[in-house]
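In what follows, a structure is listed as structure tokens, so that the remarks can point back to it.
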Amino acid sequence: MADPRANLDIAELVVQHHRAVYRYAYRLTGAACDADDLTQQVFLAAQQKLGQLREQSAARGWLFAILRNLFLKSRRRRMLSPDDLGAGLESIPAKIPHDDGIDREELQRALDGLSPEARLAVAMYYFEECSYREIAAQMEWPIGTVMSRLARAKAQLRNRLLDGDAWAGIERSRQKV
Amino acid sequence: MTSRQSQERRLLDRMEACRPHGADLDDPAMAELAARLTESRQWQDAFDRLQKLDVMLAGAFHDVPVPADEAERILARLAETAAQDPAQQSPLGQVVQAVVTEAGVVAADAQPHAATRRFRRGLWGAVAAVGVGLAAALALLLSPRPEPYTANAVLENAVSFFNNETPVPGQLIAEAAPPSSWPYSPAVQAYSSARWRKVDGFLGTSGVAYDLTTPAGVHATLYVVKRTVADLGDALPLRPALESANCCVSAWQDRSLLYVLVVRGDAAAYESFLDVPRWPVT
């Protein structure tokens, strides 16, 4: 007989964490419909594996791990685009944008231009605030690979967000406020 | 690539891996980078700029609107899957499944060739039935659970709640006194712009939230609920107990009242809400 508490737990997980999971899914997939589908897949998988979750306080990280695996599986069939080699110290802009200077849609377009692995690396860094060691452990990537993948992906994001056209866009959006 | 270029590449990779406000520079693998930052003003300036950019990008990452009915869609999908597997039936699953089935029956009663008005009535009946049923299921879930929260769970739930709620502005404390059952904490710096409002669903119960803004524009919310958490201290910590998702959060117990302070920003932002002596008074 099914454990009634198990289904109450999954529903509570949905209520508490669906927003964070959806946001993460959106940043990975770049489309609301894909994010919606991926979010539902996460909770379906969580429902099947609820026995693996030992503590409620670990639920968020556990759901994120399911999300990452599902995302990668959905992308593995596609050709992996090579990441740029990245630049040197000059890849870090000399000018810091205004506090509200990063448009969320621009950010998503920049993310969409990264390979799935690069996208995951930056999402784990910025969204989950994982250390490079945590990323390496979770994704089973060598530490050197994590560092170089993260560095190149972050440089690419900055290049797309803070190049001439994007900078002009940020300035225009500021003037509207 | 020359050896100098290789070294610079390696240092840059390590610099990019350092999280804002984290202790990553203390990692032994970062020793070479830490030394370079000490030696070179140019590298230190670049590191500081990078950290600021990373804080901004982290905030932007979380800036995603979530459809209002997302939870209902997920719950409906879970119930549908559970219905296909009888071994997974549970009281909740049966409630939601019964509602979904009833909605399906109501919709099926609207014959394809029936009058448009009858069809629409059937459809709205199905929507209403699903809505009421899911609302009942959510109400069941949001009612207080018997299992106590751990300190860690309190902190994590508070950050999630703070980031996800979109409250209507409350009343100024200076104009309308808050309920005496959920008093403001003297340990938290009071600002003239402080507002209070009733809050529901915080750690599964109701209480009062005090929304605070410093003159410099730093935001925070002090949640007060009647709840007891076993492993919490009885005073506001001088340092945040948890830093996550661009927030600093601490919790403490004052008899039967649980106080949770969530500050948007870093540890320095957190300190602007402390109203406690930070060094011994002799």
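Note on naming: chains are A, B, ... as they come in the structure tokens, residues start from 1 per chain, ligands start from 1 in the order shown.
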For chain A against chain B, which residues fall within 6 Å using only C-alpha atoms, given as a compact mmCIF listing (two decimals) with all heavy atoms, in the first residue's frame?
```txt
# COMPACT_ATOMS: atom_id res chain seq x y z
N ALA A 2 0.53 2.26 -0.77
CA ALA A 2 1.36 3.46 -0.88
C ALA A 2 1.37 4.21 0.45
O ALA A 2 0.38 4.21 1.19
CB ALA A 2 0.82 4.37 -1.97
N PRO A 4 0.83 7.23 2.45
CA PRO A 4 0.10 8.49 2.22
C PRO A 4 0.99 9.70 2.45
O PRO A 4 0.88 10.72 1.79
CB PRO A 4 -1.04 8.47 3.24
CG PRO A 4 -1.11 7.08 3.74
CD PRO A 4 0.21 6.42 3.50
N ARG A 23 12.26 28.59 -12.52
CA ARG A 23 13.20 29.64 -12.92
C ARG A 23 14.50 29.04 -13.44
O ARG A 23 15.05 29.47 -14.45
CB ARG A 23 13.49 30.56 -11.74
CG ARG A 23 12.33 31.47 -11.39
CD ARG A 23 12.65 32.43 -10.26
NE ARG A 23 11.52 33.34 -10.06
CZ ARG A 23 10.87 33.49 -8.92
NH1 ARG A 23 11.24 32.82 -7.85
NH2 ARG A 23 9.84 34.31 -8.83
N GLN A 40 7.79 19.98 -14.89
CA GLN A 40 6.88 18.86 -14.59
C GLN A 40 7.66 17.55 -14.57
O GLN A 40 7.41 16.69 -13.71
CB GLN A 40 5.76 18.81 -15.63
CG GLN A 40 4.79 19.98 -15.51
CD GLN A 40 3.60 19.86 -16.42
OE1 GLN A 40 3.26 18.78 -16.91
NE2 GLN A 40 2.93 20.97 -16.67
N SER A 57 15.38 19.64 4.24
CA SER A 57 16.24 20.80 3.99
C SER A 57 17.14 20.59 2.77
O SER A 57 17.67 21.54 2.22
CB SER A 57 17.10 21.10 5.22
OG SER A 57 17.90 19.97 5.53
N ARG A 104 16.77 40.86 -18.14
CA ARG A 104 16.64 39.41 -18.00
C ARG A 104 16.48 38.72 -19.36
O ARG A 104 16.88 37.58 -19.54
CB ARG A 104 15.48 39.05 -17.07
CG ARG A 104 14.11 39.45 -17.56
CD ARG A 104 13.04 38.95 -16.60
NE ARG A 104 11.71 39.28 -17.08
CZ ARG A 104 10.77 39.81 -16.32
NH1 ARG A 104 11.00 40.08 -15.06
NH2 ARG A 104 9.59 40.08 -16.81
N TYR A 126 25.85 30.70 -10.75
CA TYR A 126 25.07 31.90 -10.42
C TYR A 126 23.76 31.58 -9.71
O TYR A 126 23.36 32.29 -8.80
CB TYR A 126 24.74 32.68 -11.70
CG TYR A 126 25.90 33.45 -12.28
CD1 TYR A 126 26.40 33.14 -13.54
CD2 TYR A 126 26.49 34.49 -11.57
CE1 TYR A 126 27.47 33.85 -14.07
CE2 TYR A 126 27.55 35.20 -12.11
CZ TYR A 126 28.03 34.88 -13.36
OH TYR A 126 29.08 35.57 -13.88
N MET A 147 36.81 24.63 -14.12
CA MET A 147 37.36 26.00 -14.09
C MET A 147 37.40 26.60 -15.49
O MET A 147 36.98 27.74 -15.70
CB MET A 147 38.75 25.97 -13.48
CG MET A 147 38.74 25.81 -11.97
SD MET A 147 40.36 26.28 -11.33
CE MET A 147 40.10 26.08 -9.58
N SER A 148 37.89 25.85 -16.43
CA SER A 148 38.02 26.43 -17.77
C SER A 148 36.64 26.62 -18.41
O SER A 148 36.38 27.64 -19.06
CB SER A 148 38.92 25.55 -18.65
OG SER A 148 38.39 24.26 -18.77
N ALA A 151 35.07 29.67 -16.74
CA ALA A 151 35.72 30.92 -17.14
C ALA A 151 35.30 31.33 -18.54
O ALA A 151 34.95 32.49 -18.79
CB ALA A 151 37.24 30.76 -17.05
```
Q: Do a neighbour search on Arg109 in chain A at 12 Å with only C-alpha atoms, toss out local chain neighbours closer than 5 positions, and write the hits as a count of residues only.
A: 17
(Q) Residues near range 195-197 of chain B, anyone? I mean within 8 Å using only C-alpha atoms, not counting same-chain ones fewer than 6 positions away, as a list in words. (A) Pro169, Gly170, Gln171, Leu172, Ile173, Pro178, Val208, Ala209, Tyr210, Asp211 and Leu212 of chain B
Q.
as number ranges by chain, please: every residue in range 176-271 of chain B that DSSP puts in helix (DSSP H, G or I).
A. B: 267-271
Just write the chosen residues, N, CA and C atoms, as a compact mmCIF listing (two decimals), in the first residue's frame.
```
# COMPACT_ATOMS: atom_id res chain seq x y z
N ALA B 267 26.74 40.60 3.71
CA ALA B 267 26.87 40.69 5.17
C ALA B 267 26.87 42.15 5.64
N ALA B 268 27.43 43.04 4.82
CA ALA B 268 27.44 44.45 5.20
C ALA B 268 26.02 45.00 5.24
N ALA B 269 25.19 44.57 4.28
CA ALA B 269 23.79 44.98 4.28
C ALA B 269 23.09 44.45 5.52
N TYR B 270 23.40 43.21 5.88
CA TYR B 270 22.82 42.60 7.08
C TYR B 270 23.13 43.42 8.32
N GLU B 271 24.39 43.88 8.42
CA GLU B 271 24.81 44.60 9.62
C GLU B 271 24.05 45.91 9.79
```
Please build the interface table for range 11-53 of chain A against range 58-73 of chain A with a cut-off of 10 Å, listing for each qualifying residue the nearest atom pair and the distance in Å to one decimal; count only C-alpha atoms, order rows by chain and increasing number, and write it as CSV.
```
residue,atom,partner,partner_atom,distance
A:Leu13,CA,A:Ala59,CA,7.5
A:Gln16,CA,A:Arg60,CA,9.0
A:His17,CA,A:Arg60,CA,6.7
A:His18,CA,A:Leu63,CA,9.5
A:Ala20,CA,A:Arg60,CA,8.3
A:Val21,CA,A:Phe64,CA,6.8
A:Tyr22,CA,A:Leu67,CA,9.6
A:Tyr24,CA,A:Phe64,CA,8.0
A:Ala25,CA,A:Leu67,CA,7.2
A:Leu28,CA,A:Phe71,CA,7.6
A:Thr29,CA,A:Phe71,CA,7.9
A:Ala35,CA,A:Phe71,CA,9.9
A:Leu38,CA,A:Leu67,CA,7.4
A:Thr39,CA,A:Leu67,CA,7.5
A:Gln40,CA,A:Leu67,CA,9.9
A:Gln41,CA,A:Leu70,CA,7.9
A:Val42,CA,A:Leu67,CA,5.7
A:Phe43,CA,A:Leu63,CA,7.8
A:Ala45,CA,A:Ile66,CA,7.5
A:Ala46,CA,A:Leu63,CA,7.1
A:Lys49,CA,A:Ile66,CA,10.0
A:Leu50,CA,A:Ala59,CA,9.8
A:Gln52,CA,A:Trp62,CA,9.0
A:Leu53,CA,A:Ala59,CA,6.8
```
Q: Name the residues in contact with Glu134 in chain A at a cut-off of 10 Å, using only C-alpha atoms, excluding same-chain residues fewer than 5 positions from it; report them as a VMD selection string.
A: chain A and resid 124 to 125 129 139 to 140 143 146
Expected file: the selected residues, N, CA, C and O atoms, as an mmCIF file, in the first residue's frame:
```
data_model
loop_
_atom_site.group_PDB
_atom_site.id
_atom_site.type_symbol
_atom_site.label_atom_id
_atom_site.label_comp_id
_atom_site.auth_asym_id
_atom_site.auth_seq_id
_atom_site.Cartn_x
_atom_site.Cartn_y
_atom_site.Cartn_z
ATOM 1 N N MET A 124 24.852 26.700 -12.385
ATOM 2 C CA MET A 124 25.202 26.196 -11.059
ATOM 3 C C MET A 124 25.977 27.254 -10.284
ATOM 4 O O MET A 124 25.837 27.378 -9.058
ATOM 5 N N TYR A 125 26.796 28.011 -10.971
ATOM 6 C CA TYR A 125 27.591 29.044 -10.309
ATOM 7 C C TYR A 125 26.701 30.200 -9.844
ATOM 8 O O TYR A 125 26.759 30.627 -8.695
ATOM 9 N N GLU A 129 24.760 28.989 -6.689
ATOM 10 C CA GLU A 129 25.917 29.496 -5.925
ATOM 11 C C GLU A 129 26.842 28.353 -5.510
ATOM 12 O O GLU A 129 27.373 28.343 -4.402
ATOM 13 N N MET A 139 28.650 17.170 -11.119
ATOM 14 C CA MET A 139 28.596 16.860 -12.548
ATOM 15 C C MET A 139 29.612 15.791 -12.941
ATOM 16 O O MET A 139 29.627 15.349 -14.081
ATOM 17 N N GLU A 140 30.457 15.408 -11.978
ATOM 18 C CA GLU A 140 31.515 14.420 -12.260
ATOM 19 C C GLU A 140 32.410 14.901 -13.397
ATOM 20 O O GLU A 140 32.752 14.137 -14.308
ATOM 21 N N ILE A 143 38.178 18.910 -12.089
ATOM 22 C CA ILE A 143 38.190 20.287 -11.571
ATOM 23 C C ILE A 143 38.727 21.270 -12.615
ATOM 24 O O ILE A 143 38.208 22.372 -12.780
ATOM 25 N N VAL A 146 36.050 22.100 -15.011
ATOM 26 C CA VAL A 146 35.055 23.019 -14.446
ATOM 27 C C VAL A 146 35.563 24.451 -14.522
ATOM 28 O O VAL A 146 34.859 25.356 -14.966
#
```
Q. What's the 8 Å shell around Gly207 in chain B, counting only C-alpha atoms, without same-chain residues fewer than 3 positions away, as a list in words?
A. Trp182, Lys198, Val199, Asp200, Phe202, Tyr223, Val224, Val225 and Lys226 of chain B
Q. If you measure from CA of Phe127 in chain A to CA of Leu162 in chain A, what distance in Å do you get, rounded to one decimal?
A.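 We find that CA of Phe127 in chain A and CA of Leu162 in chain A lie 19.8 Å from each other.
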Q) Hey, which of A:Cys33, A:Arg19, A:Ala11, A:Arg152 ends up closest to Gln47 in chain A? Count only C-alpha atoms. A) A:Ala11
What's around Pro237 in chain B at 12 Å? Count only C-alpha atoms, leave out sequence neighbours fewer than 6 positions away in its own chain, and write the answer as an mmCIF file with all heavy atoms, in the first residue's frame.
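Below is the file that was written, selection.cif:
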```cif
data_model
loop_
_atom_site.group_PDB
_atom_site.id
_atom_site.type_symbol
_atom_site.label_atom_id
_atom_site.label_comp_id
_atom_site.auth_asym_id
_atom_site.auth_seq_id
_atom_site.Cartn_x
_atom_site.Cartn_y
_atom_site.Cartn_z
ATOM 1 N N ALA B 187 16.030 43.980 18.889
ATOM 2 C CA ALA B 187 17.385 43.691 18.392
ATOM 3 C C ALA B 187 17.582 44.155 16.944
ATOM 4 O O ALA B 187 18.715 44.234 16.465
ATOM 5 C CB ALA B 187 17.674 42.184 18.477
ATOM 6 N N VAL B 188 16.495 44.454 16.272
ATOM 7 C CA VAL B 188 16.580 44.841 14.862
ATOM 8 C C VAL B 188 16.405 46.351 14.766
ATOM 9 O O VAL B 188 15.451 46.904 15.333
ATOM 10 C CB VAL B 188 15.507 44.133 14.013
ATOM 11 C CG1 VAL B 188 15.602 44.561 12.551
ATOM 12 C CG2 VAL B 188 15.651 42.625 14.132
ATOM 13 N N CYS B 248 20.829 37.476 3.025
ATOM 14 C CA CYS B 248 21.418 37.038 4.290
ATOM 15 C C CYS B 248 20.270 36.812 5.253
ATOM 16 O O CYS B 248 19.361 37.644 5.337
ATOM 17 C CB CYS B 248 22.346 38.118 4.856
ATOM 18 S SG CYS B 248 23.862 38.284 3.939
ATOM 19 N N VAL B 249 20.291 35.726 5.991
ATOM 20 C CA VAL B 249 19.158 35.404 6.850
ATOM 21 C C VAL B 249 19.643 34.835 8.179
ATOM 22 O O VAL B 249 20.658 34.128 8.236
ATOM 23 C CB VAL B 249 18.198 34.420 6.141
ATOM 24 C CG1 VAL B 249 18.905 33.149 5.737
ATOM 25 C CG2 VAL B 249 17.014 34.080 7.009
ATOM 26 N N SER B 250 18.928 35.216 9.231
ATOM 27 C CA SER B 250 19.157 34.658 10.562
ATOM 28 C C SER B 250 17.815 34.465 11.245
ATOM 29 O O SER B 250 16.833 35.135 10.899
ATOM 30 C CB SER B 250 20.017 35.599 11.410
ATOM 31 O OG SER B 250 21.348 35.590 10.985
ATOM 32 N N ALA B 251 17.817 33.558 12.213
ATOM 33 C CA ALA B 251 16.584 33.300 12.960
ATOM 34 C C ALA B 251 16.926 33.137 14.424
ATOM 35 O O ALA B 251 18.023 32.682 14.775
ATOM 36 C CB ALA B 251 15.898 32.039 12.433
ATOM 37 N N TRP B 252 16.009 33.519 15.280
ATOM 38 C CA TRP B 252 16.209 33.326 16.711
ATOM 39 C C TRP B 252 14.848 33.171 17.386
ATOM 40 O O TRP B 252 13.811 33.549 16.863
ATOM 41 C CB TRP B 252 17.027 34.469 17.320
ATOM 42 C CG TRP B 252 16.390 35.826 17.351
ATOM 43 C CD1 TRP B 252 15.831 36.450 18.428
ATOM 44 C CD2 TRP B 252 16.254 36.744 16.256
ATOM 45 N NE1 TRP B 252 15.363 37.700 18.071
ATOM 46 C CE2 TRP B 252 15.610 37.915 16.744
ATOM 47 C CE3 TRP B 252 16.624 36.722 14.902
ATOM 48 C CZ2 TRP B 252 15.326 39.006 15.949
ATOM 49 C CZ3 TRP B 252 16.341 37.809 14.107
ATOM 50 C CH2 TRP B 252 15.697 38.931 14.619
ATOM 51 N N GLN B 253 14.909 32.597 18.594
ATOM 52 C CA GLN B 253 13.683 32.264 19.325
ATOM 53 C C GLN B 253 13.564 33.194 20.511
ATOM 54 O O GLN B 253 14.532 33.384 21.267
ATOM 55 C CB GLN B 253 13.767 30.806 19.801
ATOM 56 C CG GLN B 253 12.458 30.222 20.289
ATOM 57 C CD GLN B 253 11.562 29.751 19.150
ATOM 58 O OE1 GLN B 253 12.015 29.111 18.223
ATOM 59 N NE2 GLN B 253 10.286 30.087 19.229
ATOM 60 N N TYR B 259 11.583 34.643 15.349
ATOM 61 C CA TYR B 259 11.932 35.792 14.525
ATOM 62 C C TYR B 259 12.872 35.340 13.417
ATOM 63 O O TYR B 259 13.843 34.619 13.666
ATOM 64 C CB TYR B 259 12.640 36.867 15.364
ATOM 65 C CG TYR B 259 11.727 37.630 16.293
ATOM 66 C CD1 TYR B 259 11.530 37.200 17.602
ATOM 67 C CD2 TYR B 259 11.078 38.785 15.856
ATOM 68 C CE1 TYR B 259 10.687 37.911 18.454
ATOM 69 C CE2 TYR B 259 10.235 39.484 16.701
ATOM 70 C CZ TYR B 259 10.042 39.042 17.994
ATOM 71 O OH TYR B 259 9.202 39.742 18.838
ATOM 72 N N VAL B 260 12.571 35.780 12.192
ATOM 73 C CA VAL B 260 13.448 35.461 11.058
ATOM 74 C C VAL B 260 13.697 36.756 10.284
ATOM 75 O O VAL B 260 12.756 37.388 9.807
ATOM 76 C CB VAL B 260 12.829 34.415 10.109
ATOM 77 C CG1 VAL B 260 13.833 34.023 9.035
ATOM 78 C CG2 VAL B 260 12.376 33.183 10.872
ATOM 79 N N LEU B 261 14.956 37.143 10.203
ATOM 80 C CA LEU B 261 15.329 38.362 9.494
ATOM 81 C C LEU B 261 15.966 37.986 8.159
ATOM 82 O O LEU B 261 16.975 37.290 8.133
ATOM 83 C CB LEU B 261 16.316 39.194 10.321
ATOM 84 C CG LEU B 261 16.845 40.469 9.659
ATOM 85 C CD1 LEU B 261 15.710 41.470 9.438
ATOM 86 C CD2 LEU B 261 17.955 41.096 10.498
ATOM 87 N N ALA B 267 26.735 40.600 3.711
ATOM 88 C CA ALA B 267 26.869 40.685 5.172
ATOM 89 C C ALA B 267 26.869 42.145 5.638
ATOM 90 O O ALA B 267 26.360 42.462 6.715
ATOM 91 C CB ALA B 267 28.149 39.981 5.615
ATOM 92 N N TYR B 270 23.398 43.215 5.884
ATOM 93 C CA TYR B 270 22.817 42.595 7.081
ATOM 94 C C TYR B 270 23.130 43.416 8.324
ATOM 95 O O TYR B 270 22.274 43.646 9.173
ATOM 96 C CB TYR B 270 23.365 41.170 7.196
ATOM 97 C CG TYR B 270 22.948 40.397 8.420
ATOM 98 C CD1 TYR B 270 21.780 39.642 8.424
ATOM 99 C CD2 TYR B 270 23.755 40.392 9.566
ATOM 100 C CE1 TYR B 270 21.420 38.894 9.553
ATOM 101 C CE2 TYR B 270 23.388 39.651 10.679
ATOM 102 C CZ TYR B 270 22.231 38.908 10.666
ATOM 103 O OH TYR B 270 21.875 38.167 11.774
ATOM 104 N N GLU B 271 24.390 43.875 8.415
ATOM 105 C CA GLU B 271 24.814 44.601 9.620
ATOM 106 C C GLU B 271 24.049 45.909 9.787
ATOM 107 O O GLU B 271 23.914 46.407 10.913
ATOM 108 C CB GLU B 271 26.318 44.876 9.542
ATOM 109 C CG GLU B 271 27.154 43.638 9.824
ATOM 110 C CD GLU B 271 28.643 43.940 9.900
ATOM 111 O OE1 GLU B 271 29.008 45.129 9.869
ATOM 112 O OE2 GLU B 271 29.420 42.983 9.985
ATOM 113 N N PHE B 273 21.094 46.322 9.830
ATOM 114 C CA PHE B 273 19.850 46.107 10.569
ATOM 115 C C PHE B 273 20.078 45.665 12.007
ATOM 116 O O PHE B 273 19.131 45.364 12.722
ATOM 117 C CB PHE B 273 18.975 45.075 9.838
ATOM 118 C CG PHE B 273 18.431 45.586 8.541
ATOM 119 C CD1 PHE B 273 19.093 45.314 7.360
ATOM 120 C CD2 PHE B 273 17.282 46.356 8.503
ATOM 121 C CE1 PHE B 273 18.617 45.815 6.155
ATOM 122 C CE2 PHE B 273 16.798 46.851 7.295
ATOM 123 C CZ PHE B 273 17.457 46.580 6.125
ATOM 124 N N LEU B 274 21.327 45.615 12.424
ATOM 125 C CA LEU B 274 21.617 45.205 13.796
ATOM 126 C C LEU B 274 21.468 46.400 14.724
ATOM 127 O O LEU B 274 21.998 47.473 14.444
ATOM 128 C CB LEU B 274 23.039 44.646 13.898
ATOM 129 C CG LEU B 274 23.364 43.432 13.028
ATOM 130 C CD1 LEU B 274 24.791 42.975 13.273
ATOM 131 C CD2 LEU B 274 22.400 42.297 13.316
ATOM 132 N N ASP B 275 20.813 46.178 15.819
ATOM 133 C CA ASP B 275 20.685 47.239 16.817
ATOM 134 C C ASP B 275 21.185 46.718 18.145
ATOM 135 O O ASP B 275 20.562 46.876 19.188
ATOM 136 C CB ASP B 275 19.225 47.674 16.950
ATOM 137 C CG ASP B 275 19.102 48.986 17.718
ATOM 138 O OD1 ASP B 275 20.139 49.663 17.901
ATOM 139 O OD2 ASP B 275 17.987 49.318 18.160
ATOM 140 N N VAL B 276 22.321 45.990 18.065
ATOM 141 C CA VAL B 276 22.901 45.416 19.268
ATOM 142 C C VAL B 276 24.313 45.939 19.396
ATOM 143 O O VAL B 276 24.957 46.258 18.406
ATOM 144 C CB VAL B 276 22.918 43.876 19.207
ATOM 145 C CG1 VAL B 276 21.502 43.338 19.189
ATOM 146 C CG2 VAL B 276 23.669 43.383 17.990
ATOM 147 N N PRO B 277 24.838 46.039 20.635
ATOM 148 C CA PRO B 277 26.230 46.449 20.793
ATOM 149 C C PRO B 277 27.143 45.414 20.163
ATOM 150 O O PRO B 277 26.908 44.221 20.298
ATOM 151 C CB PRO B 277 26.431 46.484 22.318
ATOM 152 C CG PRO B 277 25.079 46.432 22.896
ATOM 153 C CD PRO B 277 24.180 45.799 21.909
ATOM 154 N N ARG B 278 28.132 45.884 19.375
ATOM 155 C CA ARG B 278 29.008 44.927 18.693
ATOM 156 C C ARG B 278 30.305 44.702 19.427
ATOM 157 O O ARG B 278 31.126 43.921 19.011
ATOM 158 C CB ARG B 278 29.295 45.440 17.282
ATOM 159 C CG ARG B 278 28.011 45.466 16.513
ATOM 160 C CD ARG B 278 28.188 45.930 15.123
ATOM 161 N NE ARG B 278 26.986 46.644 14.721
ATOM 162 C CZ ARG B 278 26.823 47.146 13.517
ATOM 163 N NH1 ARG B 278 27.768 47.035 12.641
ATOM 164 N NH2 ARG B 278 25.718 47.768 13.197
#
```
